[in-house]
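Raw structure_28.txt, compact mmCIF, C-alpha atoms:
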# COMPACT_ATOMS: atom_id res chain seq x y z
CA MET A 1 109.24 66.77 99.59
CA ASN A 2 107.34 69.37 101.61
CA LYS A 3 103.81 68.51 102.64
CA GLU A 4 101.25 71.04 101.38
CA LYS A 5 100.33 73.41 104.16
CA ILE A 6 96.71 74.16 105.00
CA TYR A 7 96.18 77.89 105.39
CA PRO A 8 93.94 79.08 108.23
CA SER A 9 91.17 81.61 107.51
CA ILE A 10 92.96 84.28 109.56
CA ALA A 11 96.58 85.44 109.55
CA LEU A 12 98.35 87.01 112.50
CA GLY A 13 100.34 90.20 112.01
CA THR A 14 103.61 91.15 113.70
CA TRP A 15 104.07 94.77 112.64
CA SER A 16 103.88 95.82 116.29
CA TRP A 17 106.52 93.29 117.41
CA GLY A 18 109.91 94.73 118.33
CA VAL A 19 111.22 98.26 118.22
CA GLY A 20 113.09 100.58 115.88
CA ALA A 21 112.42 102.38 112.61
CA ALA A 22 108.86 101.57 111.46
CA GLY A 23 108.60 99.32 114.51
CA GLY A 24 105.97 98.70 117.14
CA ASP A 25 107.22 101.40 119.47
CA GLN A 26 107.02 104.19 116.89
CA VAL A 27 103.84 103.16 115.10
CA PHE A 28 101.79 101.59 117.89
CA GLY A 29 103.41 102.83 121.09
CA ASN A 30 104.31 99.25 122.08
CA HIS A 31 107.58 97.92 123.48
CA LEU A 32 107.20 94.18 123.00
CA ASP A 33 110.05 91.67 123.18
CA SER A 34 110.22 87.89 122.74
CA GLU A 35 109.53 87.21 126.41
CA ALA A 36 106.24 89.13 126.28
CA LEU A 37 105.24 87.63 122.94
CA ARG A 38 106.08 83.97 123.50
CA PRO A 39 102.68 83.20 125.14
CA VAL A 40 100.97 84.86 122.16
CA PHE A 41 102.82 82.68 119.67
CA GLU A 42 102.20 79.51 121.65
CA ALA A 43 98.49 80.25 122.04
CA ALA A 44 98.17 80.85 118.31
CA MET A 45 99.85 77.58 117.40
CA LYS A 46 97.51 75.71 119.77
CA GLU A 47 94.52 77.35 118.06
CA GLY A 48 95.79 76.35 114.63
CA LEU A 49 96.51 79.97 113.70
CA ASN A 50 99.95 79.32 112.27
CA LEU A 51 100.05 81.87 109.43
CA TRP A 52 102.32 84.76 110.45
CA ASP A 53 102.75 87.98 108.47
CA THR A 54 105.78 90.21 108.91
CA ALA A 55 108.21 92.32 106.84
CA ALA A 56 111.90 93.14 106.80
CA VAL A 57 111.06 96.79 107.32
CA TYR A 58 109.11 96.25 110.57
CA GLY A 59 111.60 97.51 113.12
CA MET A 60 114.25 97.01 110.42
CA GLY A 61 114.35 93.27 111.08
CA SER A 62 113.26 93.41 114.72
CA SER A 63 109.87 91.81 114.05
CA GLU A 64 111.42 89.01 111.99
CA ASP A 65 114.04 88.39 114.67
CA ILE A 66 111.39 87.79 117.34
CA LEU A 67 109.22 85.64 115.10
CA GLY A 68 112.30 83.72 114.01
CA SER A 69 113.24 82.92 117.59
CA PHE A 70 109.93 81.06 117.89
CA VAL A 71 110.09 79.48 114.44
CA LYS A 72 113.44 77.93 115.30
CA GLU A 73 111.73 76.06 118.15
CA TYR A 74 108.68 74.89 116.18
CA GLY A 75 110.33 74.42 112.80
CA ASP A 76 109.23 76.08 109.58
CA GLN A 77 107.31 72.94 108.58
CA ASN A 78 104.71 73.85 111.23
CA VAL A 79 104.66 77.62 110.69
CA ILE A 80 103.41 79.44 107.58
CA LEU A 81 105.63 82.47 106.97
CA SER A 82 104.69 85.60 105.06
CA THR A 83 107.22 88.40 104.74
CA LYS A 84 108.03 91.21 102.35
CA PHE A 85 110.57 92.95 100.16
CA THR A 86 110.25 96.70 100.78
CA PRO A 87 111.70 98.72 97.86
CA GLN A 88 112.45 101.78 99.97
CA ILE A 89 115.07 99.92 102.03
CA ALA A 90 116.61 97.97 99.14
CA GLU A 91 120.39 97.77 99.20
CA ASN A 92 122.56 98.86 96.30
CA CYS A 93 123.68 95.47 95.02
CA ASP A 94 123.24 93.14 92.02
CA ASP A 95 119.93 91.66 93.27
CA PRO A 96 118.40 93.59 96.18
CA VAL A 97 115.31 91.34 96.28
CA ASP A 98 117.41 88.20 96.69
CA LYS A 99 119.57 89.94 99.32
CA MET A 100 116.58 91.05 101.39
CA CYS A 101 114.96 87.63 101.06
CA ASN A 102 118.15 85.89 102.23
CA ASP A 103 118.40 88.24 105.21
CA SER A 104 114.76 87.51 106.09
CA LEU A 105 115.38 83.76 105.85
CA LYS A 106 118.28 84.06 108.28
CA ARG A 107 116.29 86.13 110.78
CA LEU A 108 113.29 83.81 110.51
CA GLY A 109 115.41 80.69 110.83
CA ALA A 110 113.57 79.14 107.90
CA ASP A 111 114.53 77.09 104.86
CA TYR A 112 111.99 78.90 102.70
CA ILE A 113 109.26 81.55 102.85
CA ASP A 114 105.69 80.49 102.11
CA ILE A 115 104.56 83.86 100.68
CA TYR A 116 107.00 86.59 99.67
CA TRP A 117 105.55 89.97 98.79
CA ILE A 118 106.59 93.12 96.98
CA HIS A 119 105.55 95.51 99.74
CA ASN A 120 104.46 98.39 97.52
CA PRO A 121 104.40 99.37 93.83
CA ALA A 122 107.42 101.70 93.94
CA ASP A 123 108.55 100.28 90.57
CA VAL A 124 106.53 97.33 89.25
CA GLU A 125 108.74 96.95 86.15
CA LYS A 126 111.98 96.88 88.14
CA TRP A 127 111.14 94.71 91.14
CA THR A 128 108.55 92.17 89.97
CA PRO A 129 110.89 90.21 87.64
CA LEU A 130 113.30 89.65 90.54
CA LEU A 131 110.71 87.43 92.24
CA LEU A 132 111.14 84.79 89.54
CA PRO A 133 114.59 83.52 90.62
CA LEU A 134 113.33 83.18 94.19
CA ILE A 135 110.52 80.89 93.06
CA LYS A 136 112.79 78.83 90.81
CA SER A 137 115.37 78.42 93.58
CA GLY A 138 112.74 77.27 96.09
CA LYS A 139 113.50 80.11 98.50
CA VAL A 140 109.85 81.14 98.26
CA LYS A 141 106.80 79.00 97.51
CA ARG A 142 104.31 81.68 96.53
CA VAL A 143 104.60 85.36 95.62
CA GLY A 144 102.25 88.26 96.17
CA VAL A 145 101.96 92.01 95.80
CA SER A 146 100.87 94.46 98.47
CA ASN A 147 99.39 97.97 98.21
CA HIS A 148 99.06 97.58 94.42
CA ASN A 149 96.05 98.87 92.50
CA LEU A 150 94.28 96.76 89.87
CA SER A 151 96.36 97.89 86.88
CA GLN A 152 99.58 97.31 88.83
CA ILE A 153 98.41 93.85 89.90
CA LYS A 154 97.60 92.96 86.29
CA ARG A 155 100.98 94.24 85.09
CA ALA A 156 102.81 92.28 87.79
CA GLU A 157 100.89 89.15 86.72
CA GLU A 158 101.92 89.72 83.08
CA ILE A 159 105.58 89.97 84.09
CA LEU A 160 105.45 86.87 86.26
CA SER A 161 103.47 84.78 83.78
CA GLU A 162 106.08 85.49 81.10
CA GLY A 163 108.53 83.76 83.43
CA GLY A 164 106.25 80.81 84.18
CA ALA A 165 104.95 82.04 87.55
CA HIS A 166 101.82 83.77 88.82
CA ILE A 167 100.62 86.08 91.56
CA SER A 168 99.00 83.90 94.19
CA ALA A 169 98.11 86.60 96.73
CA VAL A 170 97.28 90.29 97.06
CA GLN A 171 97.59 92.14 100.36
CA ASN A 172 95.89 95.51 100.73
CA HIS A 173 94.37 97.73 103.41
CA TYR A 174 90.74 96.60 103.62
CA SER A 175 88.23 97.18 106.39
CA LEU A 176 84.67 98.31 106.99
CA LEU A 177 86.01 101.87 106.82
CA TYR A 178 88.22 101.39 103.77
CA ARG A 179 86.78 99.22 101.00
CA SER A 180 88.65 100.74 98.06
CA SER A 181 90.00 97.37 96.88
CA GLU A 182 86.42 96.15 96.59
CA LYS A 183 85.18 99.24 94.80
CA ALA A 184 88.13 99.15 92.39
CA GLY A 185 87.34 95.57 91.37
CA ILE A 186 90.42 94.01 92.99
CA LEU A 187 88.44 91.53 95.10
CA ASP A 188 86.51 90.39 92.03
CA TYR A 189 89.74 90.05 90.03
CA CYS A 190 91.26 87.92 92.77
CA LYS A 191 88.21 85.64 92.97
CA GLU A 192 88.12 85.21 89.21
CA ASN A 193 91.81 84.29 89.06
CA GLY A 194 92.20 82.11 92.16
CA ILE A 195 94.25 84.74 94.01
CA ASP A 196 94.02 84.96 97.80
CA PHE A 197 93.22 88.44 99.11
CA PHE A 198 94.81 89.31 102.45
CA ALA A 199 93.17 92.22 104.29
CA TYR A 200 95.35 94.26 106.61
CA MET A 201 94.19 96.93 109.08
CA VAL A 202 90.80 95.22 109.42
CA LEU A 203 90.57 96.72 112.92
CA GLU A 204 91.99 100.07 111.77
CA GLN A 205 94.78 99.85 114.34
CA GLY A 206 92.26 99.44 117.15
CA ALA A 207 89.71 102.06 116.13
CA LEU A 208 87.23 99.26 115.31
CA SER A 209 88.12 97.09 118.29
CA GLY A 210 85.46 98.53 120.60
CA LYS A 211 88.19 99.41 123.07
CA TYR A 212 88.46 103.07 122.10
CA SER A 213 85.96 105.90 121.82
CA SER A 214 85.78 109.68 122.11
CA LYS A 215 85.63 109.19 125.89
CA ASN A 216 88.49 106.68 125.85
CA PRO A 217 90.85 107.66 123.01
CA LEU A 218 93.96 105.85 121.90
CA PRO A 219 97.04 106.63 124.02
CA GLU A 220 98.84 109.75 122.86
CA GLY A 221 102.36 109.55 121.53
CA SER A 222 101.89 107.18 118.59
CA GLN A 223 101.08 107.56 114.91
CA ARG A 224 97.80 105.70 115.28
CA ALA A 225 96.57 108.10 117.99
CA GLU A 226 97.23 111.05 115.68
CA THR A 227 95.33 109.35 112.87
CA TYR A 228 92.33 107.87 114.63
CA ASN A 229 91.52 109.93 117.73
CA PRO A 230 90.07 112.81 115.67
CA ILE A 231 87.61 110.48 113.90
CA LEU A 232 86.51 108.30 116.84
CA PRO A 233 83.30 110.33 117.42
CA LYS A 234 82.23 109.58 113.83
CA LEU A 235 82.60 105.84 114.38
CA GLU A 236 80.35 105.45 117.39
CA ASN A 237 77.16 104.50 115.50
CA LEU A 238 79.12 101.81 113.68
CA THR A 239 80.89 100.43 116.74
CA ASP A 240 77.63 100.48 118.71
CA SER A 241 76.05 98.31 116.01
CA MET A 242 79.09 96.02 115.96
CA LYS A 243 78.84 95.62 119.73
CA LYS A 244 75.13 94.75 119.49
CA ILE A 245 75.73 92.17 116.76
CA GLY A 246 78.64 90.79 118.78
CA GLU A 247 76.38 90.23 121.77
CA LYS A 248 74.16 88.06 119.56
CA TYR A 249 77.11 85.80 118.77
CA GLY A 250 78.69 86.00 122.20
CA VAL A 251 81.75 87.90 121.03
CA GLY A 252 83.15 91.43 121.20
CA THR A 253 83.18 94.31 118.74
CA ALA A 254 86.58 93.47 117.27
CA GLN A 255 85.47 89.96 116.36
CA ILE A 256 82.62 91.34 114.28
CA ALA A 257 85.09 93.40 112.22
CA ILE A 258 87.14 90.24 111.68
CA ALA A 259 84.10 88.11 110.88
CA TRP A 260 82.98 90.72 108.35
CA ALA A 261 86.34 90.48 106.55
CA VAL A 262 86.13 86.68 106.45
CA SER A 263 82.56 86.90 105.14
CA LYS A 264 83.85 89.01 102.23
CA GLY A 265 86.12 86.16 101.13
CA THR A 266 89.34 87.68 102.44
CA THR A 267 92.01 86.51 104.86
CA PRO A 268 92.21 89.20 107.55
CA ILE A 269 95.60 89.86 109.12
CA ILE A 270 95.10 90.54 112.83
CA GLY A 271 97.82 92.19 114.88
CA ALA A 272 98.62 89.83 117.74
CA THR A 273 100.23 91.26 120.86
CA LYS A 274 98.15 89.54 123.54
CA VAL A 275 96.84 86.01 124.04
CA SER A 276 93.31 87.45 124.01
CA HIS A 277 93.89 88.70 120.45
CA VAL A 278 94.57 85.12 119.39
CA THR A 279 91.61 83.55 121.16
CA ASP A 280 89.32 86.32 119.92
CA ALA A 281 90.51 85.79 116.34
CA ALA A 282 89.88 82.05 116.63
CA LYS A 283 86.29 82.73 117.76
CA ALA A 284 85.76 85.28 115.00
CA SER A 285 86.75 82.76 112.34
CA LYS A 286 83.73 80.63 113.30
CA ILE A 287 81.10 83.42 113.01
CA CYS A 288 78.86 83.57 109.93
CA LEU A 289 77.27 86.99 109.64
CA THR A 290 73.95 87.30 107.85
CA ALA A 291 73.55 89.31 104.65
CA GLU A 292 71.41 91.80 106.59
CA GLU A 293 74.10 92.28 109.23
CA ILE A 294 76.77 92.82 106.59
CA ALA A 295 74.59 95.39 104.81
CA GLU A 296 73.87 97.22 108.08
CA LEU A 297 77.54 97.42 109.00
CA GLU A 298 78.57 98.66 105.58
CA ALA A 299 75.85 101.30 105.52
CA LEU A 300 76.91 102.66 108.92
CA ALA A 301 80.55 102.61 107.85
CA ASP A 302 79.70 104.62 104.73
CA ALA A 303 77.67 107.07 106.81
CA ALA A 304 80.71 107.78 109.00
CA GLU A 305 82.35 109.43 105.97
CA VAL A 306 85.95 108.91 107.07
CA ASP A 307 89.02 108.25 104.96
CA THR A 308 91.55 106.00 106.65
CA ARG A 309 93.90 105.59 103.70
CA GLY A 310 97.44 105.48 105.06
CA SER A 311 100.06 108.04 104.09
CA TRP A 312 101.99 105.22 102.36
CA GLU A 313 99.04 104.16 100.20
CA ASN A 314 98.14 105.21 96.69
CA PRO A 315 94.46 105.29 95.74
CA MET A 316 93.15 101.94 94.50
CA ALA A 317 90.88 103.55 91.92
Let me see whether you can do it: turn the structure in this file into structure tokens.
Amino acid sequence: MNKEKIYPSIALGTWSWGVGAAGGDQVFGNHLDSEALRPVFEAAMKEGLNLWDTAAVYGMGSSEDILGSFVKEYGDQNVILSTKFTPQIAENCDDPVDKMCNDSLKRLGADYIDIYWIHNPADVEKWTPLLLPLIKSGKVKRVGVSNHNLSQIKRAEEILSEGGAHISAVQNHYSLLYRSSEKAGILDYCKENGIDFFAYMVLEQGALSGKYSSKNPLPEGSQRAETYNPILPKLENLTDSMKKIGEKYGVGTAQIAIAWAVSKGTTPIIGATKVSHVTDAAKASKICLTAEEIAELEALADAAEVDTRGSWENPMA
């Protein structure tokens, strides 16, 4: 019998691990392999940050391969694994969800997946029911939906509950700059129904890290540079305030963005490519922002008047 795992307050993301289609090289401009990432993984495990989020589509298995090489050493009893079924790369077979899950299990070197997600609401009616056999077989322990709006989340829950299961997690883009899941009532729905909300892009791919500005833009040649460099000047009042608040707590700008997400009752997913990302995340998890600080940050974020909704995202409201 598996011992119940204790989930940390922060998850670590591996979208930028590996290379290939939708991989770290194309999206982030990184070229990270297992040798470069091993110290990151080891540092995270020492800090107790053992919840890792990935997806079959990240580098078309490349991210899972690297994570799996580490999992095989630690054992999946010590690592909490979160990965996803992406409808757009589903194979033409009897059960594409089961097939993609099995392939992920092999790459991850795991006996089961702790949280398995439907990556986007391409077809809620078609894909959601196929999660049920995975739960019943024990291949996955919990299921979630990502990039779904409130009506889609509720419909997915109806489908699952008819089969004796429930949504246990929602994963959406949520940051100081993009609070659509809050405004649409998704955070409230999750709280009312005991559903964990995972917030991805809390740092807006580095734009809220304090590392970049109009004078020091993101490196050209990646999708994130195209998206964020044009709006960096509009973010400076916000990042200046984040830096000032960070100085009060003895941390950097990025940690304030993370602490804000934790303060909102969410589990932020932080991209981890350096040991410093791990140690910074661990420090951020211990910060308790005041109500006044949260209000100040949100007001400055609203005043920036930027829309960072990704090209793959549908509006939440």
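Taking only C-alpha atoms into account, A:Asn50 lies nearest to A:Lys5 out of the set A:Lys234, A:Lys72, A:Lys136, A:Lys5.
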Worksheet item: For the atom pair atom CA of A:Gly210 and atom CA of A:Leu187, what is the interatomic distance in Å to one decimal place?
Response: 26.6 Å
Practice prompt. Can you work out the spacing between atom CA of A:Asn237 and atom CA of A:Ala272 in Å, to one decimal?
Written response: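 Result for atom CA of A:Asn237 versus atom CA of A:Ala272: 26.1 Å, one decimal.
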Discussion item. One decimal, in Å: what's the spacing between atom CA of A:Pro8 and atom CA of A:Thr290?
Written reply: 21.6 Å
Item to complete: Quick one: everything within 8 Å of stretch 139-154 of chain A, counting only C-alpha atoms, minus sequence neighbours fewer than 2 positions away in the same chain. Send it as a ChimeraX atom specification.
Response: /A:111-121,124,131,134-137,156-158,166-173,181,184-186,313-317
Discussion item. List as a ChimeraX atom specification the protein and nucleic acid residues near stretch 259-269 of chain A, meaning an atom at most 6 Å away when all atoms listed in the file are counted, but skip any in the same chain fewer than 3 places from it.
Written reply: /A:9-13,197-200,255-256,284,287
Worksheet item: Which of these residues is nearest to A:Tyr249, using all atoms listed in the file: A:Ile6, A:Ala299, A:Leu132, A:Cys288?
Response: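 For A:Tyr249, the nearest of the given residues is A:Cys288.
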Fill in: Option closest in space to A:Gly138, from A:Met60, A:Leu51, A:Ile159, A:Cys101 [counting all atoms listed in the file]
A:Cys101
Worksheet, complete the sentence: Counting all atoms listed in the file, the residue among A:Tyr228, A:Trp17, A:Tyr58, A:Trp127 that lies closest to A:Asp95 is A:Trp127
Fill in: Top pick for closest residue to A:Pro87, considering A:Asp302, A:Glu226, A:Asp280, A:Asp123 and counting only C-alpha atoms
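Under the stated criterion, the closest residue is A:Asp123.
For the choices A:Asp103, A:Glu296, A:Asp94, A:Glu236, the atom-to-atom distance to A:Glu64 is smallest for A:Asp103 when using all atoms listed in the file.
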Discussion item. Using all atoms listed in the file, which protein or nucleic acid residues come within 7 Å of stretch 202-206 of chain A? Drop anything in the same chain fewer than 5 positions from it, and give the result as number ranges by chain.
Written reply: A: 174-175, 224, 254, 257-258, 268
